[in-house]
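Quick look at model.cif (mmCIF, C-alpha atoms and all ligand atoms):
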data_start
loop_
_atom_site.label_atom_id
_atom_site.label_comp_id
_atom_site.auth_asym_id
_atom_site.auth_seq_id
_atom_site.Cartn_x
_atom_site.Cartn_y
_atom_site.Cartn_z
CA MET A 261 35.57 139.43 98.97
CA ASN A 262 35.06 137.76 102.33
CA VAL A 263 37.26 139.76 104.71
CA ILE A 264 38.13 138.42 108.15
CA ILE A 265 39.32 140.91 110.78
CA ARG A 266 41.37 139.13 113.42
CA ARG A 267 44.08 139.68 115.97
CA TYR A 268 47.76 139.49 115.07
CA ALA A 269 49.85 136.41 115.92
CA SER A 270 53.63 136.08 115.82
CA GLU A 271 53.45 133.98 112.60
CA ASP A 272 52.03 137.08 110.84
CA ARG A 273 55.18 139.12 111.49
CA GLU A 274 56.74 138.76 108.02
CA ALA A 275 53.49 139.38 106.14
CA LEU A 276 52.83 142.54 108.15
CA ARG A 277 56.41 143.79 107.65
CA GLN A 278 56.15 143.26 103.89
CA ILE A 279 52.88 145.24 103.65
CA ALA A 280 54.47 148.03 105.71
CA PHE A 281 57.37 148.16 103.25
CA ASP A 282 55.16 147.98 100.14
CA THR A 283 52.88 150.82 101.31
CA ALA A 284 55.25 153.18 103.20
CA LEU A 285 55.12 156.13 100.81
CA MET A 286 51.43 157.10 100.57
CA GLY A 287 50.49 153.52 99.71
CA ARG A 288 53.57 152.95 97.51
CA SER A 289 56.85 151.12 98.17
CA ALA A 290 59.54 152.33 100.58
CA GLN A 291 61.96 151.33 97.81
CA LEU A 292 61.14 154.72 96.25
CA PHE A 293 62.98 156.55 99.02
CA PHE A 294 65.14 153.98 100.87
CA ASP A 295 67.56 151.19 100.00
CA GLY A 296 67.51 148.52 102.73
CA PRO A 297 64.19 146.71 103.22
CA GLU A 298 64.81 145.05 106.59
CA PHE A 299 66.03 148.26 108.21
CA ILE A 300 63.00 150.27 107.10
CA LYS A 301 60.64 147.42 108.11
CA ASP A 302 62.19 147.53 111.59
CA VAL A 303 61.75 151.32 111.75
CA ILE A 304 58.07 151.15 110.83
CA THR A 305 56.87 147.99 112.59
CA MET A 306 59.26 146.73 115.27
CA TYR A 307 57.69 148.51 118.24
CA PHE A 308 54.22 147.20 117.38
CA THR A 309 55.06 143.58 116.47
CA ASP A 310 57.62 143.03 119.22
CA TYR A 311 56.40 145.20 122.12
CA GLU A 312 52.64 145.79 121.69
CA PRO A 313 51.31 142.97 119.49
CA GLN A 314 48.01 142.95 121.38
CA SER A 315 47.17 146.27 119.66
CA ILE A 316 47.43 144.91 116.10
CA TRP A 317 44.53 143.67 113.96
CA LEU A 318 44.82 142.12 110.52
CA ALA A 319 42.53 141.86 107.51
CA GLU A 320 42.69 138.45 105.86
CA ILE A 321 41.13 137.30 102.60
CA GLY A 322 41.30 133.64 101.59
CA GLY A 323 44.03 132.96 104.16
CA VAL A 324 46.21 135.86 102.96
CA VAL A 325 46.92 138.94 105.07
CA VAL A 326 45.99 142.01 103.00
CA GLY A 327 46.21 144.79 105.58
CA TYR A 328 46.78 145.79 109.17
CA ILE A 329 46.08 148.40 111.78
CA MET A 330 48.56 148.73 114.63
CA GLY A 331 48.41 151.03 117.60
CA ALA A 332 50.27 152.19 120.65
CA LYS A 333 47.94 152.82 123.57
CA ASP A 334 50.35 155.25 125.21
CA GLU A 335 52.76 157.18 123.00
CA HIS A 336 55.07 158.07 125.90
CA GLU A 337 55.46 154.39 126.83
CA MET A 338 56.16 153.63 123.18
CA ASN A 339 58.82 156.37 123.02
CA GLU A 340 60.53 154.90 126.07
CA VAL A 341 60.76 151.48 124.38
CA VAL A 342 61.94 153.06 121.13
CA LEU A 343 64.68 154.97 122.93
CA THR A 344 65.94 152.13 125.13
CA LYS A 345 65.35 149.05 122.95
CA ILE A 346 64.72 149.84 119.29
CA LEU A 347 67.15 152.71 118.67
CA PRO A 348 70.15 150.73 120.00
CA HIS A 349 69.15 147.84 117.69
CA LEU A 350 68.81 150.21 114.72
CA CYS A 351 72.21 151.81 115.46
CA VAL A 352 73.90 148.39 115.39
CA GLU A 353 72.13 147.51 112.13
CA PHE A 354 72.99 150.91 110.70
CA LEU A 355 76.73 150.38 111.32
CA ARG A 356 76.72 146.68 110.43
CA SER A 357 74.89 146.94 107.11
CA GLY A 358 76.60 150.04 105.66
CA ILE A 359 73.20 151.50 104.85
CA LEU A 360 74.40 155.10 104.70
CA LEU A 361 76.88 154.22 101.94
CA LYS A 362 73.98 153.76 99.56
CA GLU A 363 73.29 156.91 97.56
CA LYS A 364 69.51 156.86 97.93
CA ASN A 365 69.89 156.71 101.72
CA TRP A 366 72.42 159.47 102.22
CA ARG A 367 70.44 161.72 99.89
CA LEU A 368 67.36 160.99 102.05
CA ALA A 369 69.36 161.69 105.23
CA ILE A 370 70.57 165.06 103.90
CA GLY A 371 67.04 165.94 102.78
CA ALA A 372 65.62 164.95 106.16
CA LEU A 373 68.21 167.08 107.93
CA LYS A 374 67.23 170.08 105.76
CA SER A 375 63.54 169.50 106.54
CA PHE A 376 64.41 169.27 110.24
CA LEU A 377 66.36 172.56 110.13
CA LYS A 378 63.42 174.24 108.34
CA GLY A 379 61.17 173.08 111.19
CA GLU A 380 59.09 170.80 108.93
CA THR A 381 59.41 167.81 111.22
CA HIS A 382 58.28 169.73 114.31
CA ARG A 383 54.77 168.88 115.52
CA PRO A 384 52.70 170.47 118.28
CA ASP A 385 52.23 168.15 121.26
CA PHE A 386 48.75 166.57 121.29
CA TYR A 387 49.56 163.87 123.86
CA GLN A 388 47.19 165.07 126.61
CA GLU A 389 44.10 164.89 124.40
CA TYR A 390 45.26 162.08 122.10
CA PRO A 391 47.68 159.81 124.01
CA SER A 392 47.40 156.91 121.53
CA ILE A 393 48.61 156.55 117.99
CA LEU A 394 47.81 154.26 115.06
CA HIS A 395 49.08 153.14 111.65
CA ILE A 396 46.91 151.50 109.01
CA ASN A 397 47.81 150.11 105.59
CA LEU A 398 46.18 147.88 103.00
CA LYS A 399 47.85 146.18 100.07
CA ASP A 400 47.23 147.70 96.67
CA GLY A 401 44.18 146.02 95.11
CA PHE A 402 42.36 145.67 98.44
CA ARG A 403 41.48 149.32 99.05
CA GLY A 404 38.19 151.17 98.75
CA SER A 405 35.87 148.31 99.75
CA GLY A 406 35.37 148.92 103.47
CA THR A 407 38.33 146.94 104.88
CA GLY A 408 40.04 150.02 106.32
CA THR A 409 36.78 150.98 108.04
CA ALA A 410 36.49 147.48 109.57
CA LEU A 411 40.11 147.49 110.82
CA LEU A 412 39.67 150.94 112.32
CA ALA A 413 36.49 149.83 114.12
CA ALA A 414 38.39 146.94 115.79
CA LEU A 415 41.06 149.26 117.19
CA VAL A 416 38.65 152.04 118.19
CA ASP A 417 36.42 149.55 120.01
CA ASP A 418 39.35 148.04 121.94
CA PHE A 419 40.97 151.40 122.79
CA SER A 420 37.62 152.89 123.88
CA ARG A 421 37.02 149.92 126.22
CA SER A 422 40.46 150.59 127.73
CA GLY A 423 39.30 154.10 128.61
CA ILE A 424 41.69 155.86 126.22
CA LYS A 425 40.79 159.52 125.62
CA GLY A 426 41.88 159.88 122.01
CA VAL A 427 43.93 158.45 119.16
CA ARG A 428 45.91 160.26 116.49
CA LEU A 429 48.01 159.53 113.44
CA GLY A 430 50.21 161.14 110.86
CA THR A 431 49.74 160.67 107.13
CA MET A 432 51.21 162.09 103.93
CA SER A 433 48.39 160.94 101.70
CA ASP A 434 45.44 163.08 100.54
CA ALA A 435 43.43 159.88 99.89
CA ALA A 436 44.11 158.67 103.44
CA ALA A 437 43.19 162.15 104.73
CA ALA A 438 39.78 161.75 103.04
CA PHE A 439 39.39 158.32 104.67
CA PHE A 440 40.18 159.66 108.15
CA ARG A 441 37.85 162.68 107.76
CA LYS A 442 35.07 160.28 106.74
CA SER A 443 35.92 158.12 109.78
CA GLY A 444 35.37 160.85 112.37
CA PHE A 445 38.90 162.24 112.68
CA SER A 446 39.62 165.99 112.82
CA LEU A 447 42.62 167.66 111.24
CA LEU A 448 45.01 168.74 114.03
CA PHE A 449 47.94 169.95 111.97
CA HIS A 450 48.93 170.41 108.32
CA GLY A 451 52.55 170.90 107.21
CA GLN A 452 54.97 169.85 104.46
CA LEU A 453 57.59 167.07 104.31
CA SER A 454 59.69 168.34 101.41
CA PHE A 455 62.48 165.76 101.83
CA LEU A 456 60.12 163.18 100.30
CA ASN A 457 59.10 165.32 97.29
CA GLU A 458 61.67 163.79 94.94
CA ALA A 459 60.73 160.19 95.75
CA ALA A 460 57.00 160.92 95.55
CA GLY A 461 57.24 163.06 92.40
CA HIS A 462 55.10 165.82 93.93
CA GLU A 463 54.87 168.01 97.04
CA VAL A 464 54.30 165.85 100.10
CA PRO A 465 51.94 167.13 102.80
CA GLY A 466 52.25 166.12 106.44
CA TYR A 467 48.87 165.77 108.16
CA LEU A 468 48.06 164.96 111.76
CA PHE A 469 44.55 163.72 112.52
CA GLY A 470 42.93 162.94 115.86
CA ARG A 471 39.73 161.34 117.09
CA LYS A 472 38.33 161.56 120.59
CA LEU A 473 37.28 158.22 122.07
CA SER A 474 34.64 157.74 124.72
C1 LIG P 501 43.70 154.64 103.69
C2 LIG P 501 43.14 153.22 103.76
C3 LIG P 501 43.57 152.55 105.06
C4 LIG P 501 41.61 153.30 103.75
O1 LIG P 501 41.07 151.98 103.79
P1 LIG P 501 39.98 151.54 102.66
O2 LIG P 501 39.53 150.16 102.94
O3 LIG P 501 40.59 151.81 101.33
O4 LIG P 501 38.82 152.59 102.95
P2 LIG P 501 37.24 152.29 103.03
O5 LIG P 501 36.84 151.51 101.82
O6 LIG P 501 36.90 151.68 104.34
O7 LIG P 501 36.68 153.77 102.89
C5 LIG P 501 35.87 154.43 103.83
C6 LIG P 501 35.58 155.84 103.34
O8 LIG P 501 36.80 156.57 103.28
C7 LIG P 501 36.82 157.41 102.11
N1 LIG P 501 37.94 157.04 101.27
C8 LIG P 501 38.65 155.88 101.30
N2 LIG P 501 39.63 155.90 100.39
C9 LIG P 501 39.52 157.08 99.74
C10 LIG P 501 40.24 157.68 98.68
N3 LIG P 501 41.26 157.05 98.08
N4 LIG P 501 39.87 158.91 98.25
C11 LIG P 501 38.81 159.55 98.85
N5 LIG P 501 38.08 159.02 99.85
C12 LIG P 501 38.43 157.80 100.29
C13 LIG P 501 35.54 157.19 101.37
O9 LIG P 501 34.67 158.24 101.69
C14 LIG P 501 34.99 155.89 101.94
O10 LIG P 501 33.61 155.94 102.09
P3 LIG P 501 32.65 155.41 100.90
O11 LIG P 501 33.03 153.96 100.68
O12 LIG P 501 31.29 155.60 101.49
O13 LIG P 501 32.93 156.27 99.72
C15 LIG P 501 43.63 152.36 102.55
O14 LIG P 501 43.07 152.87 101.35
C16 LIG P 501 45.13 152.30 102.41
O15 LIG P 501 45.78 151.52 103.08
N6 LIG P 501 45.70 153.12 101.51
C17 LIG P 501 47.11 153.11 101.19
C18 LIG P 501 48.05 153.38 102.32
C19 LIG P 501 47.70 154.60 103.13
O16 LIG P 501 47.52 155.69 102.61
N7 LIG P 501 47.60 154.39 104.44
C20 LIG P 501 47.33 155.41 105.41
C21 LIG P 501 48.58 155.78 106.05
S1 LIG P 501 48.29 156.55 107.60
#
So, in terms of structure tokens, how does the structure I just supplied come out?
Amino acid sequence: MNVIIRRYASEDREALRQIAFDTALMGRSAQLFFDGPEFIKDVITMYFTDYEPQSIWLAEIGGVVVGYIMGAKDEHEMNEVVLTKILPHLCVEFLRSGILLKEKNWRLAIGALKSFLKGETHRPDFYQEYPSILHINLKDGFRGSGTGTALLAALVDDFSRSGIKGVRLGTMSDAAAAFFRKSGFSLLFHGQLSFLNEAAGHEVPGYLFGRKLS
């Protein structure tokens, strides 16, 4: 497979959003836990595609996008955009589309609230050492042949040149955890995300990994 790693362009928006949807639950579809594809695509990707597209790289094979890595160079700046621009948009969509009326979604919301009350969604603050974050996902059928490593190298190279101290990420996948360990990341935190157990069909871990950049 001849893989090309290249920068994102606005024409790639739909392809990237579809991969994000198809891989949201440890490499499997968001359909397993949420009913409403466009809403969940907005939640996962909108900041990156619409506000920091210069920090996205794609893997392309034969003209088809098969994976992406997307980053936020400064998590606090990202949070500001999420709060002032993306959350208002999501609230309008939430009310307009009647998403919470769908059983799968209100069951998820109740489960997430329980996890929140149990403290499962709380994370220590690693911003000072690792101010950047990333997300990476490859389509099923294109994993395990070095593409993730190549995408990660593109982001790490760019972020290092920008003088960023460190990058971190959250994952629920043991396979992804193995990939990040192999790629020079250290485990910062390990918890549980029990509200996703039913959709996943097993206990879901919540890992945070970080890598220092030069
Ligand atoms: C995680 C992911 C990005 C890794 O990309 P990849 O192209 O599959 O990984 P690579 O082929 O570059 O693997 C590099 C190393 O990571 C490790 N690794 C990768 N996938 C692994 C797996 N499933 N189990 C154990 N180790 C794995 C291996 O040690 C591998 O080194 P090796 O080839 O010398 O054995 C990709 O598999 C993926 O998108 N998975 C599904 C979605 C997901 O879990 N995303 C992460 C969410 S944060």
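Put simply, atom CA of A:Leu429 is 8.3 Å away from atom C21 of ligand LIG 501 (chain P).
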Write out as a compact mmCIF listing (two decimals) with C-alpha atoms, in the coordinates of the input each polymer residue whose atoms come within 10 Å of A:Arg441, counting only C-alpha atoms; drop sequence neighbours fewer than 6 positions from it.
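The file below, around-v7.txt, is the result:
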# COMPACT_ATOMS: atom_id res chain seq x y z
CA LEU A 447 42.62 167.66 111.24
CA PHE A 469 44.55 163.72 112.52
CA GLY A 470 42.93 162.94 115.86
CA ARG A 471 39.73 161.34 117.09
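One finds atom CA of A:Glu298 at 26.2 Å from atom CA of A:Ile265.
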- Quick one, how far is atom CA of A:Lys378 from atom C18 of ligand LIG 501 (chain P)? 26.6 Å
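Using all atoms listed in the file, the protein and nucleic acid residues lying no more than 9 Å from stretch 274-276 of chain A, apart from those fewer than 2 places from it along its own chain, are A:Ser270, A:Glu271, A:Asp272, A:Gln278, A:Ile279, A:Ala280, A:Phe281, A:Thr305, A:Thr309, A:Leu318, A:Val324, A:Val325, A:Val326, A:Gly327, A:Tyr328.
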For ligand LIG 501 (chain P), list the contacting residues at 8 Å or closer, counting only C-alpha atoms and all ligand atoms, as a CSV table (one decimal) with C-alpha atoms, in the coordinates of the input.
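Generated file (result-v1.csv):
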chain,number,residue,atom,x,y,z
A,283,THR,CA,52.9,150.8,101.3
A,284,ALA,CA,55.2,153.2,103.2
A,285,LEU,CA,55.1,156.1,100.8
A,286,MET,CA,51.4,157.1,100.6
A,287,GLY,CA,50.5,153.5,99.7
A,288,ARG,CA,53.6,153.0,97.5
A,327,GLY,CA,46.2,144.8,105.6
A,394,LEU,CA,47.8,154.3,115.1
A,395,HIS,CA,49.1,153.1,111.6
A,396,ILE,CA,46.9,151.5,109.0
A,397,ASN,CA,47.8,150.1,105.6
A,398,LEU,CA,46.2,147.9,103.0
A,399,LYS,CA,47.8,146.2,100.1
A,400,ASP,CA,47.2,147.7,96.7
A,402,PHE,CA,42.4,145.7,98.4
A,403,ARG,CA,41.5,149.3,99.0
A,404,GLY,CA,38.2,151.2,98.8
A,405,SER,CA,35.9,148.3,99.8
A,406,GLY,CA,35.4,148.9,103.5
A,407,THR,CA,38.3,146.9,104.9
A,408,GLY,CA,40.0,150.0,106.3
A,409,THR,CA,36.8,151.0,108.0
A,410,ALA,CA,36.5,147.5,109.6
A,429,LEU,CA,48.0,159.5,113.4
A,430,GLY,CA,50.2,161.1,110.9
A,431,THR,CA,49.7,160.7,107.1
A,432,MET,CA,51.2,162.1,103.9
A,433,SER,CA,48.4,160.9,101.7
A,434,ASP,CA,45.4,163.1,100.5
A,435,ALA,CA,43.4,159.9,99.9
A,436,ALA,CA,44.1,158.7,103.4
A,437,ALA,CA,43.2,162.2,104.7
A,438,ALA,CA,39.8,161.8,103.0
A,439,PHE,CA,39.4,158.3,104.7
A,440,PHE,CA,40.2,159.7,108.2
A,441,ARG,CA,37.8,162.7,107.8
A,442,LYS,CA,35.1,160.3,106.7
A,443,SER,CA,35.9,158.1,109.8
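The shortest atom-to-atom distance to A:Leu347, with only C-alpha atoms taken into account, belongs to A:Met306 out of A:Met306, A:Pro297, A:Leu453, A:Ala290.
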- For A:Leu355, which residue among A:Glu380, A:Phe386, A:Glu463, A:Phe299 is the nearest when counting only C-alpha atoms? A:Phe299
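Proximity to A:Ser315 at 8 Å, evaluated using only C-alpha atoms and with sequence-adjacent residues fewer than 6 positions away removed, yields A:Phe308, A:Met330, A:Gly331, A:Ala332, A:Lys333, A:Leu415.
Considering the residues A:Pro465, A:Leu473, A:Leu456, A:Val342 and counting all atoms listed in the file, A:Leu373 has its shortest atom-to-atom contact with A:Leu456.
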As a PDB file, in the coordinates of the input, could you write out stretch 333-366 of chain A once it has been completed with N, CA and C atoms?
ATOM      1  N   LYS A 333      48.940 152.233 122.680  1.00  0.00           N
ATOM      2  CA  LYS A 333      47.940 152.820 123.570  1.00  0.00           C
ATOM      3  C   LYS A 333      48.480 154.061 124.278  1.00  0.00           C
ATOM      4  N   ASP A 334      49.769 154.096 124.530  1.00  0.00           N
ATOM      5  CA  ASP A 334      50.350 155.250 125.210  1.00  0.00           C
ATOM      6  C   ASP A 334      51.644 155.643 124.492  1.00  0.00           C
ATOM      7  N   GLU A 335      51.605 156.788 123.817  1.00  0.00           N
ATOM      8  CA  GLU A 335      52.760 157.180 123.000  1.00  0.00           C
ATOM      9  C   GLU A 335      54.020 157.371 123.835  1.00  0.00           C
ATOM     10  N   HIS A 336      53.891 157.864 125.066  1.00  0.00           N
ATOM     11  CA  HIS A 336      55.070 158.070 125.900  1.00  0.00           C
ATOM     12  C   HIS A 336      55.737 156.737 126.259  1.00  0.00           C
ATOM     13  N   GLU A 337      54.891 155.727 126.547  1.00  0.00           N
ATOM     14  CA  GLU A 337      55.460 154.390 126.830  1.00  0.00           C
ATOM     15  C   GLU A 337      56.145 153.838 125.590  1.00  0.00           C
ATOM     16  N   MET A 338      55.533 154.078 124.433  1.00  0.00           N
ATOM     17  CA  MET A 338      56.160 153.630 123.180  1.00  0.00           C
ATOM     18  C   MET A 338      57.514 154.312 122.995  1.00  0.00           C
ATOM     19  N   ASN A 339      57.563 155.627 123.225  1.00  0.00           N
ATOM     20  CA  ASN A 339      58.820 156.370 123.020  1.00  0.00           C
ATOM     21  C   ASN A 339      59.935 155.842 123.924  1.00  0.00           C
ATOM     22  N   GLU A 340      59.549 155.446 125.125  1.00  0.00           N
ATOM     23  CA  GLU A 340      60.530 154.900 126.070  1.00  0.00           C
ATOM     24  C   GLU A 340      61.149 153.590 125.517  1.00  0.00           C
ATOM     25  N   VAL A 341      60.278 152.740 124.982  1.00  0.00           N
ATOM     26  CA  VAL A 341      60.760 151.480 124.380  1.00  0.00           C
ATOM     27  C   VAL A 341      61.617 151.770 123.151  1.00  0.00           C
ATOM     28  N   VAL A 342      61.175 152.717 122.337  1.00  0.00           N
ATOM     29  CA  VAL A 342      61.940 153.060 121.130  1.00  0.00           C
ATOM     30  C   VAL A 342      63.336 153.535 121.514  1.00  0.00           C
ATOM     31  N   LEU A 343      63.393 154.391 122.510  1.00  0.00           N
ATOM     32  CA  LEU A 343      64.680 154.970 122.930  1.00  0.00           C
ATOM     33  C   LEU A 343      65.617 153.919 123.537  1.00  0.00           C
ATOM     34  N   THR A 344      65.068 153.050 124.372  1.00  0.00           N
ATOM     35  CA  THR A 344      65.940 152.130 125.130  1.00  0.00           C
ATOM     36  C   THR A 344      66.162 150.783 124.426  1.00  0.00           C
ATOM     37  N   LYS A 345      65.233 150.387 123.548  1.00  0.00           N
ATOM     38  CA  LYS A 345      65.350 149.050 122.950  1.00  0.00           C
ATOM     39  C   LYS A 345      65.534 149.098 121.424  1.00  0.00           C
ATOM     40  N   ILE A 346      64.724 149.913 120.763  1.00  0.00           N
ATOM     41  CA  ILE A 346      64.720 149.840 119.290  1.00  0.00           C
ATOM     42  C   ILE A 346      65.849 150.676 118.687  1.00  0.00           C
ATOM     43  N   LEU A 347      66.067 151.868 119.206  1.00  0.00           N
ATOM     44  CA  LEU A 347      67.150 152.710 118.670  1.00  0.00           C
ATOM     45  C   LEU A 347      68.516 152.032 118.777  1.00  0.00           C
ATOM     46  N   PRO A 348      68.861 151.432 119.928  1.00  0.00           N
ATOM     47  CA  PRO A 348      70.150 150.730 120.000  1.00  0.00           C
ATOM     48  C   PRO A 348      70.257 149.633 118.931  1.00  0.00           C
ATOM     49  N   HIS A 349      69.158 148.888 118.726  1.00  0.00           N
ATOM     50  CA  HIS A 349      69.150 147.840 117.690  1.00  0.00           C
ATOM     51  C   HIS A 349      69.379 148.465 116.309  1.00  0.00           C
ATOM     52  N   LEU A 350      68.676 149.578 116.034  1.00  0.00           N
ATOM     53  CA  LEU A 350      68.810 150.210 114.720  1.00  0.00           C
ATOM     54  C   LEU A 350      70.229 150.763 114.507  1.00  0.00           C
ATOM     55  N   CYS A 351      70.835 151.280 115.582  1.00  0.00           N
ATOM     56  CA  CYS A 351      72.210 151.810 115.460  1.00  0.00           C
ATOM     57  C   CYS A 351      73.177 150.700 115.078  1.00  0.00           C
ATOM     58  N   VAL A 352      73.028 149.531 115.711  1.00  0.00           N
ATOM     59  CA  VAL A 352      73.900 148.390 115.390  1.00  0.00           C
ATOM     60  C   VAL A 352      73.698 147.988 113.924  1.00  0.00           C
ATOM     61  N   GLU A 353      72.436 147.888 113.521  1.00  0.00           N
ATOM     62  CA  GLU A 353      72.130 147.510 112.130  1.00  0.00           C
ATOM     63  C   GLU A 353      72.675 148.533 111.147  1.00  0.00           C
ATOM     64  N   PHE A 354      72.549 149.785 111.527  1.00  0.00           N
ATOM     65  CA  PHE A 354      72.990 150.910 110.700  1.00  0.00           C
ATOM     66  C   PHE A 354      74.496 150.776 110.425  1.00  0.00           C
ATOM     67  N   LEU A 355      75.268 150.494 111.463  1.00  0.00           N
ATOM     68  CA  LEU A 355      76.730 150.380 111.320  1.00  0.00           C
ATOM     69  C   LEU A 355      77.113 149.078 110.618  1.00  0.00           C
ATOM     70  N   ARG A 356      76.391 147.991 110.969  1.00  0.00           N
ATOM     71  CA  ARG A 356      76.720 146.680 110.430  1.00  0.00           C
ATOM     72  C   ARG A 356      76.447 146.562 108.929  1.00  0.00           C
ATOM     73  N   SER A 357      75.331 147.186 108.487  1.00  0.00           N
ATOM     74  CA  SER A 357      74.890 146.940 107.110  1.00  0.00           C
ATOM     75  C   SER A 357      75.410 147.979 106.107  1.00  0.00           C
ATOM     76  N   GLY A 358      76.062 149.031 106.594  1.00  0.00           N
ATOM     77  CA  GLY A 358      76.600 150.040 105.660  1.00  0.00           C
ATOM     78  C   GLY A 358      75.514 150.768 104.888  1.00  0.00           C
ATOM     79  N   ILE A 359      74.360 150.912 105.524  1.00  0.00           N
ATOM     80  CA  ILE A 359      73.200 151.500 104.850  1.00  0.00           C
ATOM     81  C   ILE A 359      73.445 152.920 104.319  1.00  0.00           C
ATOM     82  N   LEU A 360      74.210 153.688 105.099  1.00  0.00           N
ATOM     83  CA  LEU A 360      74.400 155.100 104.700  1.00  0.00           C
ATOM     84  C   LEU A 360      75.309 155.233 103.484  1.00  0.00           C
ATOM     85  N   LEU A 361      76.011 154.152 103.121  1.00  0.00           N
ATOM     86  CA  LEU A 361      76.880 154.220 101.940  1.00  0.00           C
ATOM     87  C   LEU A 361      76.058 154.215 100.652  1.00  0.00           C
ATOM     88  N   LYS A 362      74.804 153.823 100.763  1.00  0.00           N
ATOM     89  CA  LYS A 362      73.980 153.760  99.560  1.00  0.00           C
ATOM     90  C   LYS A 362      73.435 155.152  99.228  1.00  0.00           C
ATOM     91  N   GLU A 363      73.576 155.519  97.948  1.00  0.00           N
ATOM     92  CA  GLU A 363      73.290 156.910  97.560  1.00  0.00           C
ATOM     93  C   GLU A 363      71.868 157.356  97.931  1.00  0.00           C
ATOM     94  N   LYS A 364      70.900 156.480  97.651  1.00  0.00           N
ATOM     95  CA  LYS A 364      69.510 156.860  97.930  1.00  0.00           C
ATOM     96  C   LYS A 364      69.337 157.230  99.407  1.00  0.00           C
ATOM     97  N   ASN A 365      70.068 156.506 100.283  1.00  0.00           N
ATOM     98  CA  ASN A 365      69.890 156.710 101.720  1.00  0.00           C
ATOM     99  C   ASN A 365      70.586 157.968 102.230  1.00  0.00           C
ATOM    100  N   TRP A 366      71.810 158.250 101.717  1.00  0.00           N
ATOM    101  CA  TRP A 366      72.420 159.470 102.220  1.00  0.00           C
ATOM    102  C   TRP A 366      71.748 160.718 101.657  1.00  0.00           C
TER     103      TRP A 366
END
